[in-house]
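Presented below is the structure to which this report refers.
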Amino acid sequence: LMKEHDIRHLPIVDEDKKLVGLVTQRTLMHAIPPDLGQFSPFVVNYVLAKLQAHNIMVRDVVTIDPDTTVEEAARVMADNKIGCLPVMQGHDLVGIITDSDLFGIMLNLLGARRPGVRLTVLQPDRAGEVARLTRAIDERNGYISVFVTYPTSEPGTWASVVKVTNIPRKDLVEIVSSLEDARIQDVREV
């Protein structure tokens with residue numbers, strides 16, 4: 001079933017749609033003896049027929065509800081080192097969010113499927129720095145399609161990841177170089 005539908009996580013529910021466990025690609029691989037392939041197809045089929053979901057499923061499943069934010073779902077998955085979260089409405093399974101879903105969201109947030117120039121700019125952590133950067137790009141008619149900021153490991157410094165169209169790379173470098181206390185960590189056409 002997992003191979004047929006190209007999925008790595010399979011929630012197991014009872015007749016009342018209550019979640020009772022989760023079979024993952026990993027739990028399935030751990031349940032199959034590593035040397036099984038050297039036996040005849042008859043033996044392989046016999047062993048696989050004896051595998052039942054309730055014997056190999058994870059029973060203590062971490063879940064979320066439909067109102068959980070994407071950020072919270074990602075945090076729960078990272079904190080628990082898991083690749084999926086069944087979504088529960090009360091006792092009913094209504095969906096599942098996977099690491100692949102989160103990667104898709106990240107690609108959209110970072111504009112990975114749209115061309116442009118992406119630069120990472122390091123600036124002091126003080127009011128007005130982000131506005132100065134965006135204003136300087138705007139004054140040159142640049143279109144900012146992505147803008148993300150995050151604290152760096154350097155105290156008092158934040159990084160801004162900016163994806164811009166309508167301005168050539170060399171002009172963006174010139175714009176940032178003209179800003180006081182701003183420095184480019186990375187610039188590339190993507």
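Going through the structure tokens in order, the chains are called A, B, and so on, while each chain numbers its residues from 1 and the ligands are numbered from 1 in the order shown.
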- Message: I'd like the contact shell of segment 157-168 of chain A - 12 Å cut-off, only C-alpha atoms, skipping same-chain residues fewer than 6 positions apart - returned as a PyMOL selection string.
- Response: chain A and resi 109-127+129-134+136-151+174-176+181-190
- For segment 7-9 of chain A, work out the shell of residues within 7 Å, counting only C-alpha atoms and skipping chain neighbours fewer than 4 positions away, then give it as an MDAnalysis selection string. chainID A and resid 2:3 22:25
Produce a file of the selected residues containing N, CA and C atoms, as a PDB file, in the first residue's frame.
ATOM      1  N   MET A   2       1.923   1.245   0.832  1.00  0.00           N
ATOM      2  CA  MET A   2       2.802   2.410   0.896  1.00  0.00           C
ATOM      3  C   MET A   2       3.538   2.614  -0.426  1.00  0.00           C
ATOM      4  N   LYS A   3       4.013   1.532  -1.011  1.00  0.00           N
ATOM      5  CA  LYS A   3       4.727   1.628  -2.285  1.00  0.00           C
ATOM      6  C   LYS A   3       3.771   2.050  -3.400  1.00  0.00           C
ATOM      7  N   LEU A  22       0.792   4.033  13.930  1.00  0.00           N
ATOM      8  CA  LEU A  22       1.376   4.571  12.713  1.00  0.00           C
ATOM      9  C   LEU A  22       2.451   3.612  12.223  1.00  0.00           C
ATOM     10  N   VAL A  23       2.348   3.213  10.969  1.00  0.00           N
ATOM     11  CA  VAL A  23       3.400   2.415  10.341  1.00  0.00           C
ATOM     12  C   VAL A  23       4.192   3.370   9.454  1.00  0.00           C
ATOM     13  N   THR A  24       5.504   3.350   9.626  1.00  0.00           N
ATOM     14  CA  THR A  24       6.364   4.199   8.807  1.00  0.00           C
ATOM     15  C   THR A  24       7.279   3.311   7.979  1.00  0.00           C
ATOM     16  N   GLN A  25       7.889   3.900   7.002  1.00  0.00           N
ATOM     17  CA  GLN A  25       8.850   3.165   6.186  1.00  0.00           C
ATOM     18  C   GLN A  25       9.944   2.582   7.079  1.00  0.00           C
TER      19      GLN A  25
END
- Pick from A:Gln89, A:Thr27, A:Asn55, A:Ser153, whichever lies nearest to Leu10 of chain A using only C-alpha atoms: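 Among A:Gln89, A:Thr27, A:Asn55, A:Ser153, it is A:Thr27 that comes nearest to Leu10 of chain A.
Coordinates place atom CA of Gly83 of chain A at a distance of 28.6 Å from atom CA of Asn45 of chain A.
Put simply, atom CA of Thr98 of chain A is 9.4 Å away from atom CA of Ala73 of chain A.
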